[in-house]
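Report on the structure given below.
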Amino acid sequence: MRSKALLWTLTLAWTLGSVAATAQSSAPTLSPPLLSPPIAGGIPAGTGAGVHSPNSPFAPLQERSDVLAWSVLTAVKTRTERNRILPVFPADVRALGKTTQRVQGFMMPLQPGERQRHFLLSSVPLTCSFCVPGGPESMVEVRTKTPVRYVMEPVVVEGQFTVLDDDPYGLYYRMTDAVAVK
């Protein structure tokens, strides 16, 4: 059974994102609310996702040749079907499914504690404890073999990568049997 914390986190982020976007709708640089409800024609791929805020106290991720680039993962399009937003993956992203991959990102814990076995890995740092930092194309759900110490700096994990077509939590990617690598 999946963690109820994941559902709670995603639901809370959607709610807070919608409220914040409504309250500040006059700001010209705001992105649409994260995980927003379907709109006519779908949501443009990568809208508001993976964008590093210039006000962040953390440096953006450095490009590395030994990890899967977030630019590949965020190149997904979406379609709306029966009031659900579903991903439409390009062939190169779909080919990543059921392969071992390395991904670098920022940990977003789903449970309290210094050591984490189940967390979201994001392309941008978590700057608000109540918000998801990007859309589903900029996150990977990670389950590790052994606990990983939570840090605010980027981490690299390696594991079995899955591309998700219709995840009940709205996620696009999952990594299982993961281990932290240097």
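Identifiers in this document derive from the order of the structure tokens: chains are assigned A, B, ..., residues are numbered from 1 separately in each chain, and ligands are numbered from 1 in order of occurrence.
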
**Contacts of Val142 in chain A at 9 Å (only C-alpha atoms; same-chain gap of 2+ positions) as a PyMOL selection string** = chain A and resi 117-121+140+144+157+159+173-178

Write out the residues from the selection above, keeping N, CA and C atoms, as a short mmCIF file (atom, residue, chain, number, x, y, z; two decimals), in the first residue's frame.
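Now in out07.cif:
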```cif
data_model
loop_
_atom_site.label_atom_id
_atom_site.label_comp_id
_atom_site.auth_asym_id
_atom_site.auth_seq_id
_atom_site.Cartn_x
_atom_site.Cartn_y
_atom_site.Cartn_z
N ARG A 117 13.47 6.34 3.48
CA ARG A 117 13.41 5.22 2.53
C ARG A 117 12.41 5.50 1.41
N HIS A 118 11.55 6.49 1.61
CA HIS A 118 10.52 6.83 0.63
C HIS A 118 10.44 8.35 0.57
N PHE A 119 10.78 8.92 -0.59
CA PHE A 119 10.79 10.37 -0.73
C PHE A 119 10.60 10.73 -2.19
N LEU A 120 10.35 12.01 -2.42
CA LEU A 120 10.31 12.53 -3.78
C LEU A 120 11.66 13.18 -4.05
N LEU A 121 12.16 12.98 -5.25
CA LEU A 121 13.37 13.64 -5.69
C LEU A 121 12.93 14.69 -6.70
N VAL A 140 10.56 12.54 -9.08
CA VAL A 140 10.62 11.09 -9.16
C VAL A 140 10.33 10.56 -7.76
N THR A 144 14.05 3.36 -1.48
CA THR A 144 15.41 2.88 -1.40
C THR A 144 15.51 1.54 -0.69
N VAL A 157 20.71 9.23 -6.70
CA VAL A 157 20.25 7.87 -6.40
C VAL A 157 20.24 7.07 -7.68
N GLY A 159 18.67 3.35 -9.32
CA GLY A 159 17.75 2.25 -9.09
C GLY A 159 16.95 1.92 -10.33
N TYR A 173 7.04 9.36 -12.75
CA TYR A 173 8.24 8.53 -12.65
C TYR A 173 8.39 7.94 -11.25
N ARG A 174 8.96 6.74 -11.20
CA ARG A 174 9.22 6.07 -9.92
C ARG A 174 10.55 5.34 -10.02
N MET A 175 11.27 5.31 -8.93
CA MET A 175 12.50 4.55 -8.83
C MET A 175 12.40 3.64 -7.62
N THR A 176 12.69 2.36 -7.81
CA THR A 176 12.64 1.40 -6.71
C THR A 176 14.00 0.73 -6.56
N ASP A 177 14.19 0.08 -5.42
CA ASP A 177 15.45 -0.59 -5.10
C ASP A 177 16.63 0.37 -5.28
N ALA A 178 16.43 1.61 -4.92
CA ALA A 178 17.43 2.64 -5.14
C ALA A 178 18.49 2.63 -4.03
#
```

Within 12 Å of Val151 in chain A using only C-alpha atoms, minus same-chain residues under 4 positions, as a list of chain:residue names
A:Gly105, A:Phe106, A:Met107, A:Met108, A:Pro109, A:Gly113, A:Glu114, A:Arg115, A:Gln116, A:Phe119, A:Leu121, A:Pro125, A:Leu126, A:Val155, A:Val156, A:Ala180

Determine the nearest neighbour of Arg149 in chain A from the options A:Pro90, A:Val179, A:Val124, A:Asp66, counting only C-alpha atoms.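 Nearest to Arg149 in chain A: A:Val179.
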
Using only C-alpha atoms, which protein or nucleic acid residues come within 7 Å of Thr100 in chain A? Drop anything in the same chain fewer than 5 positions from it, and give the result as a ChimeraX atom specification. /A:158-161

Å distance separating CA of Tyr169 in chain A from CA of Ile85 in chain A, one decimal place:
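So the two atoms, CA of Tyr169 in chain A and CA of Ile85 in chain A, lie 11.1 Å apart.
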